[in-house]
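Q: One structure is given below, represented as structure tokens, and several questions about it will come after.
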Amino acid sequence: MKEETVREKNEKAAKKQAQHQEHAEVTVRDGEFAGLTKRNEDFMFHLNKNLDEYNYDLEKKEEVLNDTYRELLDKQKSGVTAAKLYGPVTEYAEKIIKGNNQKKEARSTSNVFWLMALDNGLIMFIMFCLMYALVGFFDHSKNAVNGGWVTLLGTSVIAGVGLAFFYVMMDPNKSKESKHKVTRGIIVTLELIAIWMVAFGLIALIPVKYNQTLDPVVYIILGVVAFGVRYFLNQKLHFPKMGRTTQSK
């Protein structure tokens with residue numbers, strides 16, 4: 001009985017010592033990263049410092065630190081350290097920065113192109129609706145408006161795609177690399193004019209019964225609806241600004 005008592009005491013003492021050592025490793029720096037071991041807390045401290053040196057976005061930094069903190073808090077229960085999980089803190093910080101840059105560049109030139117095409121197409125649609133409505137109000141003959149609803153849609157789409165193509169091709173970043181900026185601009189402009197003329201000519205071949213002119217009031221309604229749609233989409237998609245095609249966020 002005495003031997004068992006001594007053994008039990010020794011086991012309890014060993015457990016208390018282990019708990020004391022584990023607790024001694026747990027520190028809190030400025031109230032942050034509570035519950036982490038000293039090594040893991042030190043990793044978080046230097047990660048925070050490295051991200052600050054990179055001028056990393058504050059909100060995104062907090063999100064990264066919180067995610068890393070929670071994962072470490074869970075993994076360290078199994079004896080996993082931050083260095084083992086993420087590698088050197090400097091390399092991990094660089095990965096975060098590179099990952100963020102990749103997200104910024106996720107909107108490729110192709111995506112920018114189609115967003116600009118949609119934006120410019122809606123703008124041209126609104127302008128054409130206004131123009132057709134004004135012509136219709138001042139001249140009641142159906143021939144006063146050059147074409148009908150098919151012409152309206154066709155010219156808007158062509159204008160939207162054409163302008164997006166022009167802005168992407170003449171992007172300042174690309175222009176800097178080109179030694180013939182003026183020549184490049186002239187060629188792109190001529191290409192757009194040629195495409196516009198061919199497309200408009202093809203649309204003009206559509207029979208009038210399939211391309212009827214709408215009432216001026218209808219054009220106004222369509223223009224107002226298109227304006228609302230563009231405003232809504234711009235809030236959701238954030239259309240790229242002209243001259244900032246490859247740098248849009």
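Within each chain, counting starts at residue 1; across the structure tokens, chains are named A, B, ... in the order shown, with ligands numbered 1 upward in that order.
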Leaving out segment 90-95 of chain A and any residue of its chain fewer than 4 positions from it, which residues lie within 8 Å of it when counting only C-alpha atoms, given as a PDB file with N, CA and C atoms, in the first residue's frame?
A:
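Ended up saving to selection34.pdb:
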ATOM      1  N   LEU A  47       5.521  37.304 -37.603  1.00  0.00           N
ATOM      2  CA  LEU A  47       4.670  37.314 -38.790  1.00  0.00           C
ATOM      3  C   LEU A  47       3.966  38.659 -38.904  1.00  0.00           C
ATOM      4  N   ASN A  50       6.541  41.214 -39.988  1.00  0.00           N
ATOM      5  CA  ASN A  50       6.900  41.072 -41.410  1.00  0.00           C
ATOM      6  C   ASN A  50       5.818  41.633 -42.322  1.00  0.00           C
ATOM      7  N   LEU A  51       4.568  41.353 -41.992  1.00  0.00           N
ATOM      8  CA  LEU A  51       3.467  41.856 -42.816  1.00  0.00           C
ATOM      9  C   LEU A  51       3.391  43.382 -42.756  1.00  0.00           C
ATOM     10  N   TYR A  86       4.302  25.936 -40.990  1.00  0.00           N
ATOM     11  CA  TYR A  86       4.367  26.974 -42.019  1.00  0.00           C
ATOM     12  C   TYR A  86       5.761  27.207 -42.592  1.00  0.00           C
ATOM     13  N   GLY A  99       0.417  35.447 -52.479  1.00  0.00           N
ATOM     14  CA  GLY A  99      -0.950  34.962 -52.646  1.00  0.00           C
ATOM     15  C   GLY A  99      -1.922  36.112 -52.810  1.00  0.00           C
TER      16      GLY A  99
END
Q: Residues within 8 Å of Thr151 of chain A, please, as a list in words. Count only C-alpha atoms; anything in the same chain fewer than 5 positions from it doesn't count.
A: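 Answer for this query is Asn146, Phe200, Ile203, Ala204 and Asn211 of chain A.
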Q: Keeping C-alpha atoms for every residue in the selection just given, could you write it to a file as a compact mmCIF listing (two decimals), in the first residue's frame?
A:
# COMPACT_ATOMS: atom_id res chain seq x y z
CA ASN A 146 -32.02 54.52 -88.61
CA PHE A 200 -23.55 47.87 -89.29
CA ILE A 203 -27.46 44.66 -89.58
CA ALA A 204 -28.91 46.98 -92.23
CA ASN A 211 -36.13 45.20 -87.06
Q: Quick check, in Å to one decimal: how far apart do atom CA of Asp139 of chain A and atom CA of Asp215 of chain A lie?
A: 11.5 Å
Q: Which residue is closest to Lys98 of chain A? Choose from A:Ile193, A:Leu130, A:Lys209, A:Tyr54 and count only C-alpha atoms.
A: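 Smallest separation from Lys98 of chain A among the options: A:Tyr54.
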Q: Between A:Ala164, A:Cys129, A:Val80, A:Leu214, which is the closest to Arg39 of chain A once you count only C-alpha atoms?
A: A:Val80
Q: I'd like the neighbourhood of Arg70 of chain A as a compact mmCIF listing (two decimals) with N, CA, C and O atoms, in the first residue's frame, where a residue qualifies if any of its atoms comes within 10 Å (using only C-alpha atoms), though same-chain residues fewer than 4 positions away should be ignored.
A:
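Contents of part-v1.txt, freshly written:
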# COMPACT_ATOMS: atom_id res chain seq x y z
N PHE A 33 -2.63 36.65 -29.03
CA PHE A 33 -2.19 35.27 -29.21
C PHE A 33 -2.20 34.48 -27.90
O PHE A 33 -1.28 33.72 -27.61
N LEU A 36 -1.03 30.39 -26.88
CA LEU A 36 0.00 29.79 -27.72
C LEU A 36 1.27 29.54 -26.92
O LEU A 36 1.55 30.24 -25.93
N LEU A 65 -3.80 36.83 -39.60
CA LEU A 65 -3.32 36.55 -38.24
C LEU A 65 -4.34 35.75 -37.44
O LEU A 65 -3.98 34.82 -36.71
N ASN A 66 -5.60 36.09 -37.58
CA ASN A 66 -6.65 35.35 -36.86
C ASN A 66 -6.73 33.91 -37.33
O ASN A 66 -6.84 32.99 -36.51
N ASP A 74 -5.08 25.15 -32.38
CA ASP A 74 -5.62 23.79 -32.50
C ASP A 74 -4.51 22.76 -32.73
O ASP A 74 -4.50 21.70 -32.11
N LYS A 75 -3.56 23.09 -33.60
CA LYS A 75 -2.52 22.14 -33.97
C LYS A 75 -1.50 21.91 -32.86
O LYS A 75 -0.94 20.81 -32.75
Q: Excluding Leu134 of chain A and any residue of its chain fewer than 2 positions from it, enumerate the residues within 12 Å of it, using only C-alpha atoms, and give them as a list in words.
A: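 Close residues of Leu134 of chain A: Met127, Phe128, Cys129, Leu130, Met131, Tyr132, Gly136, Phe137, Phe138, Asp139, His140, Ala144, Val145, Asp215, Pro216, Val217, Val218, Tyr219 and Ile220 of chain A.
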Q: Export C-alpha atoms of the chosen residues as a PDB file, in the first residue's frame?
A:
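Result saved to selection.pdb:
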ATOM      1  CA  MET A 127     -27.029  56.893 -75.440  1.00  0.00           C
ATOM      2  CA  PHE A 128     -28.653  55.257 -78.471  1.00  0.00           C
ATOM      3  CA  CYS A 129     -31.976  55.019 -76.633  1.00  0.00           C
ATOM      4  CA  LEU A 130     -31.805  58.744 -75.873  1.00  0.00           C
ATOM      5  CA  MET A 131     -30.864  59.554 -79.458  1.00  0.00           C
ATOM      6  CA  TYR A 132     -33.589  57.354 -80.965  1.00  0.00           C
ATOM      7  CA  GLY A 136     -38.654  59.917 -82.779  1.00  0.00           C
ATOM      8  CA  PHE A 137     -40.191  62.851 -80.904  1.00  0.00           C
ATOM      9  CA  PHE A 138     -39.067  65.438 -83.466  1.00  0.00           C
ATOM     10  CA  ASP A 139     -39.767  63.338 -86.575  1.00  0.00           C
ATOM     11  CA  HIS A 140     -42.745  60.996 -86.415  1.00  0.00           C
ATOM     12  CA  ALA A 144     -36.415  58.912 -89.110  1.00  0.00           C
ATOM     13  CA  VAL A 145     -34.733  56.414 -86.827  1.00  0.00           C
ATOM     14  CA  ASP A 215     -42.034  54.177 -79.928  1.00  0.00           C
ATOM     15  CA  PRO A 216     -39.931  57.041 -78.456  1.00  0.00           C
ATOM     16  CA  VAL A 217     -41.434  56.411 -75.019  1.00  0.00           C
ATOM     17  CA  VAL A 218     -40.289  52.785 -75.206  1.00  0.00           C
ATOM     18  CA  TYR A 219     -36.746  53.942 -75.984  1.00  0.00           C
ATOM     19  CA  ILE A 220     -36.846  56.212 -72.923  1.00  0.00           C
TER      20      ILE A 220
END
Q: Tell me, in Å to one decimal, how far atom CA of Thr81 of chain A is from atom CA of Asn40 of chain A.
A: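 Atom CA of Thr81 of chain A sits 6.3 Å away from atom CA of Asn40 of chain A.
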Q: Within 10 Å of Tyr210 of chain A, counting only C-alpha atoms, which residues qualify if same-chain residues fewer than 3 places away don't, as a ChimeraX atom specification?
A: /A:148-150,206-207,213
Q: Measuring between only C-alpha atoms, which one of A:Gly185, A:Gly121, A:Gly160, A:Gly79 shows the shortest distance to Arg230 of chain A?
A: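 Using only C-alpha atoms, the shortest distance to Arg230 of chain A belongs to A:Gly121.
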